[in-house]
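Here the structure is laid out as structure tokens; the discussion comes afterwards.
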Amino acid sequence: RLNRCSCFCKKRVHNVAISEVKTALIKVFKQWGKPKSIQVDNCLPFVTPPRDIPTPLLMWLIDIGIGVQRIRPYQPTDNAVVERMQDVTYRWAEPYNCKTVEALNEALEQTCQINRSQYPCDRLGGRTRAEAYPDLLKGGTPYQENDYDVQRVLQFLAKGHWIRKASKKGLISFCSRKWNLSTKHKGQDVFVHLDVEQNEWVVSSDQAIEIKRFKNDFITQKRILKLELEPINVDT
């Protein structure tokens, strides 16, 4: 369904600004409702290798209540159904014959309608997808502009931990911030996790001994909605 949006007329999806992707997704959600979850590849605009935490766009999806599942790196077969559907849509819609974005959107709309409501599937006993799955046409949860909650993002992040190596000066880099741990930790690997209750990032040694805490003043509701967050980066 994302292919129906005009921002995807560019040659590669990673060339599309994340703000455009967000706008396109909102259009899809308003028409079809929000899905319970979205499965994504390990590439832009949802993942930024070698960054080790979700991009601003992924955090926004979590913020509005959509679960995110990443396929395994270098395992396109994890997304085989979607990849096959993309190929079918491409061949049926013939985008290379569309001279305008409007023509492309119309071709994709017709393709989706035929695929859902007219094309019989052998694996479904000759029924169409709409006949086999009547709820398909009802869509997901209605999209509401104000249905967001930063706690969803914080709870998600609290499930993870990140490894950093302290520099010779005892510094680590986290989300484009330099945190000073002191020189006695130079060259050491340390672990970072989020304490949701205190809204603080906790840095611990490999023996799980707490070293220092830093206030979480950068993952906020305002910055998530504006996509102003920078991915939490690997050491620099």
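Numbering starts fresh at 1 for the residues of each chain in the structure tokens, the chains themselves are lettered A, B, ... in the order given, and ligands are numbered from 1 as they appear.
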Looking only at the backbone, which of the residues in region 24-67 of chain A does DSSP tag as alpha helix (DSSP H), as a list in words?
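Here are the alpha helix (DSSP H) residues of region 24-67 of chain A: Ala24, Leu25, Ile26, Lys27, Val28, Phe29, Lys30, Gln31, Trp32, Pro56, Leu57, Leu58, Met59, Trp60, Leu61, Ile62 and Asp63 of chain A.
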Write out, as a tab-separated table (two decimals), in the first residue's frame, the residues just selected, with all heavy atoms.
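Contents of the output file selection.tsv:
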```
chain	number	residue	atom	x	y	z
A	24	ALA	N	3.26	10.19	3.90
A	24	ALA	CA	2.66	9.12	3.10
A	24	ALA	C	2.01	8.07	3.99
A	24	ALA	O	0.91	7.59	3.71
A	24	ALA	CB	3.72	8.49	2.20
A	25	LEU	N	2.69	7.70	5.07
A	25	LEU	CA	2.14	6.71	5.99
A	25	LEU	C	0.85	7.21	6.63
A	25	LEU	O	-0.11	6.45	6.79
A	25	LEU	CB	3.18	6.38	7.06
A	25	LEU	CG	4.35	5.51	6.61
A	25	LEU	CD1	5.43	5.46	7.68
A	25	LEU	CD2	3.88	4.10	6.27
A	26	ILE	N	0.81	8.47	7.01
A	26	ILE	CA	-0.40	9.03	7.62
A	26	ILE	C	-1.57	8.94	6.64
A	26	ILE	O	-2.70	8.60	7.03
A	26	ILE	CB	-0.17	10.49	8.07
A	26	ILE	CG1	0.77	10.51	9.28
A	26	ILE	CG2	-1.48	11.17	8.41
A	26	ILE	CD1	1.17	11.90	9.73
A	27	LYS	N	-1.32	9.21	5.36
A	27	LYS	CA	-2.38	9.08	4.35
A	27	LYS	C	-2.90	7.65	4.29
A	27	LYS	O	-4.11	7.41	4.19
A	27	LYS	CB	-1.84	9.52	2.98
A	27	LYS	CG	-1.59	11.01	2.84
A	27	LYS	CD	-1.08	11.34	1.45
A	27	LYS	CE	-0.82	12.83	1.28
A	27	LYS	NZ	-0.28	13.15	-0.08
A	28	VAL	N	-1.97	6.69	4.32
A	28	VAL	CA	-2.36	5.28	4.29
A	28	VAL	C	-3.17	4.92	5.54
A	28	VAL	O	-4.21	4.26	5.45
A	28	VAL	CB	-1.11	4.38	4.18
A	28	VAL	CG1	-1.50	2.92	4.32
A	28	VAL	CG2	-0.42	4.61	2.85
A	29	PHE	N	-2.71	5.37	6.70
A	29	PHE	CA	-3.40	5.05	7.95
A	29	PHE	C	-4.79	5.67	8.00
A	29	PHE	O	-5.72	5.09	8.54
A	29	PHE	CB	-2.58	5.52	9.15
A	29	PHE	CG	-1.22	4.87	9.27
A	29	PHE	CD1	-0.19	5.51	9.97
A	29	PHE	CD2	-0.97	3.64	8.70
A	29	PHE	CE1	1.06	4.91	10.07
A	29	PHE	CE2	0.27	3.03	8.80
A	29	PHE	CZ	1.29	3.67	9.49
A	30	LYS	N	-4.94	6.87	7.44
A	30	LYS	CA	-6.24	7.52	7.44
A	30	LYS	C	-7.23	6.76	6.55
A	30	LYS	O	-8.42	6.71	6.83
A	30	LYS	CB	-6.12	8.97	6.97
A	30	LYS	CG	-5.52	9.90	8.02
A	30	LYS	CD	-5.46	11.35	7.52
A	30	LYS	CE	-4.98	12.28	8.62
A	30	LYS	NZ	-4.89	13.70	8.15
A	31	GLN	N	-6.72	6.18	5.47
A	31	GLN	CA	-7.60	5.44	4.57
A	31	GLN	C	-7.88	4.03	5.07
A	31	GLN	O	-9.02	3.56	5.02
A	31	GLN	CB	-6.99	5.36	3.17
A	31	GLN	CG	-7.86	4.57	2.19
A	31	GLN	CD	-7.32	4.60	0.78
A	31	GLN	OE1	-6.33	5.27	0.49
A	31	GLN	NE2	-7.97	3.90	-0.13
A	32	TRP	N	-6.84	3.34	5.54
A	32	TRP	CA	-6.96	1.93	5.87
A	32	TRP	C	-6.94	1.64	7.37
A	32	TRP	O	-7.17	0.50	7.78
A	32	TRP	CB	-5.83	1.14	5.20
A	32	TRP	CG	-5.91	1.16	3.72
A	32	TRP	CD1	-5.19	1.95	2.87
A	32	TRP	CD2	-6.77	0.37	2.90
A	32	TRP	NE1	-5.54	1.68	1.56
A	32	TRP	CE2	-6.51	0.71	1.55
A	32	TRP	CE3	-7.72	-0.61	3.17
A	32	TRP	CZ2	-7.18	0.12	0.49
A	32	TRP	CZ3	-8.39	-1.20	2.10
A	32	TRP	CH2	-8.12	-0.83	0.79
A	56	PRO	N	14.38	7.84	13.82
A	56	PRO	CA	13.25	8.67	14.26
A	56	PRO	C	11.91	8.20	13.69
A	56	PRO	O	10.89	8.27	14.38
A	56	PRO	CB	13.63	10.06	13.73
A	56	PRO	CG	15.13	10.05	13.70
A	56	PRO	CD	15.50	8.66	13.31
A	57	LEU	N	11.92	7.71	12.46
A	57	LEU	CA	10.68	7.25	11.85
A	57	LEU	C	10.13	6.02	12.57
A	57	LEU	O	8.92	5.89	12.81
A	57	LEU	CB	10.90	6.94	10.37
A	57	LEU	CG	9.66	6.61	9.55
A	57	LEU	CD1	8.71	7.80	9.51
A	57	LEU	CD2	10.05	6.20	8.13
A	58	LEU	N	11.02	5.11	12.94
A	58	LEU	CA	10.59	3.92	13.66
A	58	LEU	C	10.06	4.28	15.05
A	58	LEU	O	9.07	3.71	15.52
A	58	LEU	CB	11.75	2.92	13.77
A	58	LEU	CG	11.40	1.50	13.31
A	58	LEU	CD1	11.08	1.53	11.82
A	58	LEU	CD2	12.55	0.55	13.56
A	59	MET	N	10.72	5.22	15.70
A	59	MET	CA	10.25	5.63	17.03
A	59	MET	C	8.90	6.31	16.94
A	59	MET	O	8.07	6.18	17.84
A	59	MET	CB	11.29	6.52	17.70
A	59	MET	CG	12.48	5.75	18.24
A	59	MET	SD	13.44	6.67	19.45
A	59	MET	CE	14.92	6.97	18.52
A	60	TRP	N	8.67	7.03	15.85
A	60	TRP	CA	7.36	7.65	15.66
A	60	TRP	C	6.27	6.59	15.51
A	60	TRP	O	5.18	6.71	16.08
A	60	TRP	CB	7.38	8.58	14.44
A	60	TRP	CG	6.01	9.04	14.05
A	60	TRP	CD1	5.23	9.96	14.71
A	60	TRP	CD2	5.24	8.60	12.93
A	60	TRP	NE1	4.02	10.11	14.06
A	60	TRP	CE2	4.02	9.29	12.96
A	60	TRP	CE3	5.49	7.69	11.89
A	60	TRP	CZ2	3.02	9.09	12.00
A	60	TRP	CZ3	4.51	7.50	10.94
A	60	TRP	CH2	3.29	8.20	10.99
A	61	LEU	N	6.56	5.53	14.75
A	61	LEU	CA	5.58	4.44	14.59
A	61	LEU	C	5.24	3.82	15.94
A	61	LEU	O	4.07	3.56	16.24
A	61	LEU	CB	6.14	3.38	13.64
A	61	LEU	CG	6.20	3.74	12.16
A	61	LEU	CD1	6.96	2.68	11.39
A	61	LEU	CD2	4.80	3.93	11.58
A	62	ILE	N	6.25	3.58	16.73
A	62	ILE	CA	6.02	3.01	18.06
A	62	ILE	C	5.24	3.99	18.92
A	62	ILE	O	4.33	3.61	19.67
A	62	ILE	CB	7.37	2.66	18.73
A	62	ILE	CG1	8.08	1.55	17.94
A	62	ILE	CG2	7.17	2.23	20.18
A	62	ILE	CD1	9.52	1.33	18.33
A	63	ASP	N	5.54	5.26	18.79
A	63	ASP	CA	4.88	6.32	19.55
A	63	ASP	C	3.37	6.35	19.29
A	63	ASP	O	2.58	6.62	20.20
A	63	ASP	CB	5.50	7.67	19.17
A	63	ASP	CG	4.98	8.83	20.00
A	63	ASP	OD1	4.98	8.73	21.24
A	63	ASP	OD2	4.58	9.84	19.40
```
Nearby residues (only C-alpha atoms) at most 10 Å from Trp179 (chain A), same-chain spacing under 4 positions excluded, as a list in words
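What passes the distance filter is Ala166, Gly170, Leu171, Ile172, Ser173, Phe174, Val203, Lys212, Arg213 and Phe214 of chain A.
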C-alpha atoms of the current selection, written as a PDB file, in the first residue's frame:
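Below is the file that was written, again33.pdb:
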```pdb
ATOM      1  CA  ALA A 166      35.176   4.522  26.584  1.00  0.00           C
ATOM      2  CA  GLY A 170      36.847   8.288  29.536  1.00  0.00           C
ATOM      3  CA  LEU A 171      34.165   9.554  27.134  1.00  0.00           C
ATOM      4  CA  ILE A 172      31.438   7.608  25.361  1.00  0.00           C
ATOM      5  CA  SER A 173      29.230   8.759  22.503  1.00  0.00           C
ATOM      6  CA  PHE A 174      25.500   8.154  22.760  1.00  0.00           C
ATOM      7  CA  VAL A 203      25.879   3.333  32.300  1.00  0.00           C
ATOM      8  CA  LYS A 212      26.889   6.929  36.139  1.00  0.00           C
ATOM      9  CA  ARG A 213      23.429   8.177  35.185  1.00  0.00           C
ATOM     10  CA  PHE A 214      22.435  10.769  32.604  1.00  0.00           C
TER      11      PHE A 214
END
```
CA of Gln207 (chain A) to CA of Leu157 (chain A): how many Å, to one decimal?
21.4 Å
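The shell of residues at most 10 Å from Pro73 (chain A), with only C-alpha atoms counted and near chain neighbours (fewer than 6 positions) removed, consists of Asp41, Asn42 and Cys43 of chain A.
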The selected residues should be written to file as a PDB file, in the first residue's frame (atoms: all heavy atoms).
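Full text of selection-v8.pdb as output:
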```
ATOM      1  N   ASP A  41      12.524  -3.866   6.528  1.00  0.00           N
ATOM      2  CA  ASP A  41      13.870  -4.316   6.179  1.00  0.00           C
ATOM      3  C   ASP A  41      14.902  -3.589   7.035  1.00  0.00           C
ATOM      4  O   ASP A  41      14.591  -2.610   7.710  1.00  0.00           O
ATOM      5  CB  ASP A  41      14.156  -4.042   4.699  1.00  0.00           C
ATOM      6  CG  ASP A  41      13.282  -4.872   3.780  1.00  0.00           C
ATOM      7  OD1 ASP A  41      12.830  -5.948   4.215  1.00  0.00           O
ATOM      8  OD2 ASP A  41      13.057  -4.439   2.638  1.00  0.00           O
ATOM      9  N   ASN A  42      16.130  -4.045   6.964  1.00  0.00           N
ATOM     10  CA  ASN A  42      17.224  -3.421   7.714  1.00  0.00           C
ATOM     11  C   ASN A  42      17.925  -2.361   6.877  1.00  0.00           C
ATOM     12  O   ASN A  42      19.130  -2.439   6.602  1.00  0.00           O
ATOM     13  CB  ASN A  42      18.222  -4.493   8.174  1.00  0.00           C
ATOM     14  CG  ASN A  42      17.659  -5.352   9.277  1.00  0.00           C
ATOM     15  OD1 ASN A  42      17.594  -4.935  10.427  1.00  0.00           O
ATOM     16  ND2 ASN A  42      17.204  -6.548   8.930  1.00  0.00           N
ATOM     17  N   CYS A  43      17.154  -1.374   6.435  1.00  0.00           N
ATOM     18  CA  CYS A  43      17.717  -0.302   5.626  1.00  0.00           C
ATOM     19  C   CYS A  43      16.853   0.939   5.803  1.00  0.00           C
ATOM     20  O   CYS A  43      15.798   0.902   6.434  1.00  0.00           O
ATOM     21  CB  CYS A  43      17.788  -0.712   4.159  1.00  0.00           C
ATOM     22  SG  CYS A  43      16.186  -1.133   3.442  1.00  0.00           S
TER      23      CYS A  43
END
```
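For the residues A:Val47, A:Thr55, A:Ala208, A:Gln39, ranking by smallest atom-to-atom distance to Leu227 (chain A) using only C-alpha atoms places A:Thr55 first.
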Atom pair CA of Gly160 (chain A) / CA of Ser204 (chain A): separation (Å)
13.6 Å
State, in Å with one decimal place, the distance from CA of Asp147 (chain A) to CA of Thr220 (chain A).
15.3 Å
Report as a ChimeraX atom specification all protein, DNA and RNA residues lying within 12 Å of Glu83 (chain A), evaluated on only C-alpha atoms, omitting residues in the same chain fewer than 6 positions from it.
/A:39-41,75-77,89-90
Give the strand (DSSP E) residues of region 2-234 of chain A, as DSSP finds them on the backbone, and put them as a PyMOL selection string.
chain A and resi 37-40+67-70+162-165+171-174+177-180+189-195+200-204+210-215
Who sits within 7 Å of Gly187 (chain A), only C-alpha atoms, same chain under 5 positions skipped, as a list in words
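Contacts, with the query itself left out: Lys165, Ala166, Ser167 and Lys168 of chain A.
Each of A:Glu200, A:Asp87, A:Glu106, A:Glu228 was compared to Leu154 (chain A) using only C-alpha atoms, and A:Glu200 turns out to be the nearest.
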